[in-house]
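Engineer: Handing you a structure now.
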Amino acid sequence: MTKQYEIKEVTLEDIAQLQKISRQTFTETFGAYNTEEDLAEFLDDAYDTKKLQSEIENPDSEFFFLLVENEVAGYLKVNEKSAQTEKVADNALEVERIYLKNDFQHQGLGLVLIKLAEKIARQKNKTNMWLGVWEKNFNAQKFYKKDGFERVSQHSFVVGDDPQTDYILVKKL
């Protein structure tokens, strides 16, 4: 059963909170699979304050917090146009980041976030939605397949000095 939740668009005032949940959820999800050095390098680069600020200010990117009882339980980042990390499909919205804290997983909240992304894509008249998922994250792959995503390719996702493989999944809308 899905808990009561609230969606809040992330603004510059939320940057410290965004940085905190970004670092926490990435570490919870992937920390055990990476060296401390590679993880630290990735976290310092990907979630640098100035980098997050420029991402929030980019009109082609949007961040959203998922709040449960006023606690940030997870977040979503979507990109369109030039903000997309690569060109995967025509007229597409990219789901670049979708993360939940461990304590909030398996409660239907991931579905809330992916459906929010789909709603945004449909409002923007997109015909495709896409994302990358780590080749060894089987639970996420199963979740996305159940929601209608199909694997179309793969790319390298570098954590520190470690190139890893992400599968590229697309959902036609």
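By convention here, the chains of the structure tokens are called A, B, ... in the order presented, each chain's residues are numbered starting at 1, and ligands are numbered starting at 1 in the order presented.
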Could you pull the residues within 12 Å of Asn139 of chain A, counting only C-alpha atoms, minus those fewer than 4 positions along the same chain, as a list of chain:residue names?
Structural biologist: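 Answer for this query is A:Thr29, A:Gln105, A:His106, A:Gly110, A:Val133, A:Trp134, A:Glu135, A:Phe143, A:Tyr144, A:Lys145, A:Lys146.
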Engineer: Within 6 Å of Tyr75 of chain A, counting only C-alpha atoms, which residues show up once you throw out same-chain ones fewer than 2 positions away? Write them as a ChimeraX atom specification, please.
Structural biologist: /A:64-66,98-99
Engineer: To one decimal place in Å, what is the distance between atom CA of Phe42 of chain A and atom CA of Thr11 of chain A?
Structural biologist: 23.0 Å
Engineer: Residues near Glu150 of chain A, anyone? I mean within 12 Å using only C-alpha atoms, not counting same-chain ones fewer than 3 positions away, as number ranges by chain.
Structural biologist: A: 128-133, 141-147, 153-154, 167-172
Engineer: Would you mind listing what lies within 9 Å of Asn102 of chain A as a list in words, with only C-alpha atoms counted and same-chain residues fewer than 6 positions away left out?
Structural biologist: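 The neighbour list is Thr25, Glu28, Thr29 and Ala73 of chain A.
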Engineer: Could the residues in this selection be saved with N, CA and C atoms as a PDB file, in the first residue's frame?
Structural biologist:
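That gives us again_32.pdb:
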ATOM      1  N   THR A  25      21.164   8.410  -1.346  1.00  0.00           N
ATOM      2  CA  THR A  25      20.504   7.359  -2.124  1.00  0.00           C
ATOM      3  C   THR A  25      21.466   6.688  -3.097  1.00  0.00           C
ATOM      4  N   GLU A  28      23.513   4.367  -0.872  1.00  0.00           N
ATOM      5  CA  GLU A  28      22.724   3.204  -0.455  1.00  0.00           C
ATOM      6  C   GLU A  28      22.558   2.209  -1.601  1.00  0.00           C
ATOM      7  N   THR A  29      22.367   2.734  -2.812  1.00  0.00           N
ATOM      8  CA  THR A  29      22.095   1.876  -3.962  1.00  0.00           C
ATOM      9  C   THR A  29      23.355   1.220  -4.519  1.00  0.00           C
ATOM     10  N   ALA A  73      11.719  11.457   1.014  1.00  0.00           N
ATOM     11  CA  ALA A  73      11.865  10.010   0.886  1.00  0.00           C
ATOM     12  C   ALA A  73      12.593   9.631  -0.393  1.00  0.00           C
TER      13      ALA A  73
END
Engineer: Let's see if you can do this: from backbone DSSP, list all strand (DSSP E) residues in chain A, as a PyMOL selection string.
Structural biologist: chain A and resi 6-9+61-68+71-79+92-100+128-134+150-159+162-172
Engineer: Within 9 Å of segment 67-71 of chain A, counting only C-alpha atoms, which residues show up once you throw out same-chain ones fewer than 3 positions away? Write them as a PyMOL selection string, please.
Structural biologist: chain A and resi 3-8+74-75+104
Engineer: Please identify all polymer residues within 12 Å of Pro59 of chain A, counting only C-alpha atoms, omitting same-chain residues fewer than 2 positions from it, and present them as number ranges by chain.
Structural biologist: A: 11, 53-57, 61-63, 78-84
Engineer: The selected residues should be written to file as a CSV table (one decimal), in the first residue's frame (atoms: all heavy atoms).
Structural biologist:
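For reference, out26.csv as written:
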chain,number,residue,atom,x,y,z
A,11,THR,N,13.7,23.7,-5.7
A,11,THR,CA,14.2,25.1,-6.1
A,11,THR,C,15.6,25.2,-5.5
A,11,THR,O,16.1,24.4,-4.8
A,11,THR,CB,13.3,26.1,-5.5
A,11,THR,OG1,13.4,26.1,-4.0
A,11,THR,CG2,11.8,25.9,-5.8
A,53,GLN,N,23.3,23.4,-8.8
A,53,GLN,CA,22.7,24.7,-9.0
A,53,GLN,C,22.5,24.9,-10.5
A,53,GLN,O,21.4,25.3,-10.9
A,53,GLN,CB,23.6,25.8,-8.5
A,53,GLN,CG,23.0,27.2,-8.7
A,53,GLN,CD,23.9,28.3,-8.2
A,53,GLN,OE1,24.8,28.1,-7.3
A,53,GLN,NE2,23.7,29.5,-8.6
A,54,SER,N,23.4,24.6,-11.3
A,54,SER,CA,23.3,24.8,-12.8
A,54,SER,C,22.2,23.8,-13.3
A,54,SER,O,21.4,24.2,-14.2
A,54,SER,CB,24.6,24.6,-13.5
A,54,SER,OG,25.0,23.3,-13.6
A,55,GLU,N,22.1,22.6,-12.8
A,55,GLU,CA,21.0,21.7,-13.2
A,55,GLU,C,19.6,22.2,-12.8
A,55,GLU,O,18.7,22.1,-13.6
A,55,GLU,CB,21.3,20.3,-12.6
A,55,GLU,CG,22.5,19.6,-13.2
A,55,GLU,CD,22.8,18.3,-12.6
A,55,GLU,OE1,22.1,17.9,-11.6
A,55,GLU,OE2,23.7,17.6,-13.0
A,56,ILE,N,19.5,22.7,-11.6
A,56,ILE,CA,18.2,23.3,-11.1
A,56,ILE,C,17.8,24.5,-12.0
A,56,ILE,O,16.7,24.7,-12.3
A,56,ILE,CB,18.3,23.7,-9.6
A,56,ILE,CG1,18.4,22.4,-8.8
A,56,ILE,CG2,17.0,24.5,-9.2
A,56,ILE,CD1,18.7,22.7,-7.3
A,57,GLU,N,18.8,25.3,-12.3
A,57,GLU,CA,18.5,26.5,-13.1
A,57,GLU,C,18.3,26.2,-14.6
A,57,GLU,O,17.8,27.1,-15.3
A,57,GLU,CB,19.7,27.5,-13.0
A,57,GLU,CG,19.8,28.1,-11.6
A,57,GLU,CD,21.0,29.0,-11.4
A,57,GLU,OE1,22.1,28.8,-12.1
A,57,GLU,OE2,21.0,29.9,-10.5
A,61,SER,N,15.5,21.0,-17.4
A,61,SER,CA,15.5,20.0,-16.4
A,61,SER,C,14.6,20.4,-15.2
A,61,SER,O,14.3,21.5,-15.0
A,61,SER,CB,16.9,19.9,-15.8
A,61,SER,OG,17.9,19.4,-16.7
A,62,GLU,N,14.0,19.3,-14.6
A,62,GLU,CA,13.2,19.6,-13.4
A,62,GLU,C,13.5,18.5,-12.4
A,62,GLU,O,13.7,17.3,-12.7
A,62,GLU,CB,11.7,19.4,-13.8
A,62,GLU,CG,11.2,20.5,-14.7
A,62,GLU,CD,9.7,20.3,-15.1
A,62,GLU,OE1,9.5,19.5,-16.0
A,62,GLU,OE2,8.9,20.8,-14.5
A,63,PHE,N,13.5,18.9,-11.1
A,63,PHE,CA,13.7,18.0,-10.0
A,63,PHE,C,12.5,18.1,-9.1
A,63,PHE,O,11.9,19.2,-8.9
A,63,PHE,CB,14.9,18.5,-9.1
A,63,PHE,CG,16.3,18.3,-9.6
A,63,PHE,CD1,16.9,19.2,-10.4
A,63,PHE,CD2,17.0,17.2,-9.2
A,63,PHE,CE1,18.2,19.1,-10.8
A,63,PHE,CE2,18.3,17.0,-9.6
A,63,PHE,CZ,18.9,17.9,-10.4
A,78,VAL,N,14.1,14.9,-14.3
A,78,VAL,CA,13.8,14.7,-15.7
A,78,VAL,C,14.4,15.7,-16.6
A,78,VAL,O,14.6,16.9,-16.1
A,78,VAL,CB,12.2,14.6,-15.9
A,78,VAL,CG1,11.6,13.4,-15.2
A,78,VAL,CG2,11.5,15.9,-15.5
A,79,ASN,N,14.8,15.3,-17.8
A,79,ASN,CA,15.4,16.3,-18.7
A,79,ASN,C,14.7,16.2,-20.1
A,79,ASN,O,14.2,15.1,-20.5
A,79,ASN,CB,16.9,15.9,-19.0
A,79,ASN,CG,17.7,15.9,-17.7
A,79,ASN,OD1,17.6,16.8,-16.9
A,79,ASN,ND2,18.6,14.9,-17.6
A,80,GLU,N,14.7,17.3,-20.8
A,80,GLU,CA,14.2,17.3,-22.2
A,80,GLU,C,15.2,18.1,-23.0
A,80,GLU,O,16.1,18.8,-22.4
A,80,GLU,CB,12.8,17.8,-22.3
A,80,GLU,CG,12.6,19.2,-21.9
A,80,GLU,CD,11.2,19.7,-22.1
A,80,GLU,OE1,10.5,19.3,-23.1
A,80,GLU,OE2,10.7,20.6,-21.4
A,81,LYS,N,15.0,18.1,-24.3
A,81,LYS,CA,15.8,18.9,-25.2
A,81,LYS,C,17.3,18.8,-24.9
A,81,LYS,O,17.8,17.7,-24.8
A,81,LYS,CB,15.3,20.4,-25.2
A,81,LYS,CG,13.8,20.5,-25.5
A,81,LYS,CD,13.4,22.0,-25.3
A,81,LYS,CE,11.9,22.1,-25.5
A,81,LYS,NZ,11.3,23.3,-25.0
A,82,SER,N,18.0,19.9,-24.9
A,82,SER,CA,19.4,19.9,-24.8
A,82,SER,C,19.9,19.4,-23.4
A,82,SER,O,21.1,19.1,-23.2
A,82,SER,CB,20.0,21.3,-25.0
A,82,SER,OG,19.6,22.2,-24.0
A,83,ALA,N,19.1,19.3,-22.4
A,83,ALA,CA,19.5,18.8,-21.1
A,83,ALA,C,19.7,17.3,-21.0
A,83,ALA,O,20.3,16.8,-20.1
A,83,ALA,CB,18.5,19.3,-20.0
A,84,GLN,N,19.2,16.6,-22.0
A,84,GLN,CA,19.3,15.2,-22.0
A,84,GLN,C,20.7,14.8,-22.1
A,84,GLN,O,21.5,15.4,-22.8
A,84,GLN,CB,18.5,14.5,-23.1
A,84,GLN,CG,17.0,14.7,-22.9
A,84,GLN,CD,16.1,14.0,-23.9
A,84,GLN,OE1,16.2,12.7,-23.9
A,84,GLN,NE2,15.4,14.7,-24.7
Engineer: Have a look at A:Asp162, A:Lys87, A:Thr27, A:Leu173 and name the one nearest to Glu118 of chain A; count only C-alpha atoms.
Structural biologist: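 Using only C-alpha atoms, the shortest distance to Glu118 of chain A belongs to A:Leu173.
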Engineer: Which of these, A:Phe138, A:Gly108, A:Ala92, A:Leu39, has the shortest distance to Gln123 of chain A once you count only C-alpha atoms?
Structural biologist: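 Using only C-alpha atoms, the shortest distance to Gln123 of chain A belongs to A:Ala92.
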Engineer: Which one is closest to Asp48 of chain A: A:Lys20, A:Lys119, A:Lys126, A:Arg97? Count only C-alpha atoms.
Structural biologist: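 Of A:Lys20, A:Lys119, A:Lys126, A:Arg97, the one nearest Asp48 of chain A is A:Lys20, counting only C-alpha atoms.
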Engineer: Name the residues of segment 45-154 of chain A that come out as alpha helix (DSSP H) in a backbone DSSP run; write them as a ChimeraX atom specification.
Structural biologist: /A:45-46,49-57,109-123,138-146
Engineer: How would the residues just chosen look if you wrote them out with C-alpha atoms as a tab-separated table (two decimals), in the first residue's frame?
Structural biologist:
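Dumped to result_22.tsv:
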chain	number	residue	atom	x	y	z
A	45	ASP	CA	31.67	15.44	-8.97
A	46	ALA	CA	28.03	14.49	-9.66
A	49	THR	CA	26.88	22.34	-5.25
A	50	LYS	CA	27.65	24.44	-8.35
A	51	LYS	CA	26.75	21.55	-10.66
A	52	LEU	CA	23.43	20.96	-8.90
A	53	GLN	CA	22.72	24.69	-9.01
A	54	SER	CA	23.25	24.79	-12.78
A	55	GLU	CA	21.03	21.71	-13.20
A	56	ILE	CA	18.23	23.29	-11.13
A	57	GLU	CA	18.54	26.53	-13.12
A	109	LEU	CA	6.59	5.07	-4.05
A	110	GLY	CA	8.88	4.26	-6.98
A	111	LEU	CA	5.75	3.88	-9.08
A	112	VAL	CA	4.60	7.32	-7.87
A	113	LEU	CA	7.83	8.85	-9.19
A	114	ILE	CA	7.87	7.05	-12.54
A	115	LYS	CA	4.20	7.94	-13.10
A	116	LEU	CA	5.02	11.57	-12.28
A	117	ALA	CA	7.71	11.45	-14.98
A	118	GLU	CA	5.20	9.94	-17.41
A	119	LYS	CA	2.62	12.62	-16.58
A	120	ILE	CA	5.22	15.33	-17.27
A	121	ALA	CA	6.19	13.64	-20.53
A	122	ARG	CA	2.57	13.47	-21.66
A	123	GLN	CA	1.94	17.12	-20.66
A	138	PHE	CA	17.86	-6.50	-11.42
A	139	ASN	CA	15.09	-5.18	-9.16
A	140	ALA	CA	15.02	-1.86	-11.02
A	141	GLN	CA	15.09	-3.63	-14.41
A	142	LYS	CA	12.09	-5.75	-13.37
A	143	PHE	CA	10.26	-2.65	-12.10
A	144	TYR	CA	10.78	-0.75	-15.37
A	145	LYS	CA	9.86	-3.74	-17.55
A	146	LYS	CA	6.60	-4.10	-15.62
Engineer: Quick one: residues within 10 Å of Val159 of chain A, only C-alpha atoms counted, chain neighbours fewer than 2 positions away excluded, as a PDB file with C-alpha atoms, in the first residue's frame?
Structural biologist:
ATOM      1  CA  PHE A  30      25.627   1.501  -5.310  1.00  0.00           C
ATOM      2  CA  ASN A  34      32.274   0.454  -5.760  1.00  0.00           C
ATOM      3  CA  THR A  35      35.566   1.245  -4.078  1.00  0.00           C
ATOM      4  CA  GLU A  37      37.756   6.110  -3.761  1.00  0.00           C
ATOM      5  CA  ASP A  38      35.584   5.706  -6.866  1.00  0.00           C
ATOM      6  CA  LEU A  39      32.416   6.396  -4.881  1.00  0.00           C
ATOM      7  CA  ALA A  40      33.868   9.508  -3.225  1.00  0.00           C
ATOM      8  CA  GLU A  41      35.089  10.863  -6.580  1.00  0.00           C
ATOM      9  CA  PHE A  42      31.688  10.287  -8.169  1.00  0.00           C
ATOM     10  CA  LEU A  43      29.736  11.861  -5.298  1.00  0.00           C
ATOM     11  CA  ASP A  45      31.666  15.443  -8.966  1.00  0.00           C
ATOM     12  CA  ALA A  46      28.034  14.493  -9.659  1.00  0.00           C
ATOM     13  CA  SER A 156      29.035   3.312 -20.163  1.00  0.00           C
ATOM     14  CA  PHE A 157      28.382   5.010 -16.815  1.00  0.00           C
ATOM     15  CA  ASP A 161      37.651   5.383 -12.522  1.00  0.00           C
ATOM     16  CA  ASP A 162      35.302   2.433 -13.027  1.00  0.00           C
ATOM     17  CA  PRO A 163      33.342   2.274 -16.300  1.00  0.00           C
ATOM     18  CA  GLN A 164      30.114   0.355 -15.709  1.00  0.00           C
TER      19      GLN A 164
END
Engineer: How far is it from atom CA of Glu86 of chain A to atom CA of Asn58 of chain A, in Å with one decimal?
Structural biologist: 15.9 Å
Engineer: Using Å and a single decimal, report how far atom CA of Asp60 of chain A sits from atom CA of Thr85 of chain A.
Structural biologist: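 Those two atoms sit 11.5 Å apart.
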Engineer: Which residue is closest to Ile21 of chain A? Choose from A:Leu93, A:Val88, A:Val72, A:Val158 and count only C-alpha atoms.
Structural biologist: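 Using only C-alpha atoms, Ile21 of chain A sits closest to A:Val72.
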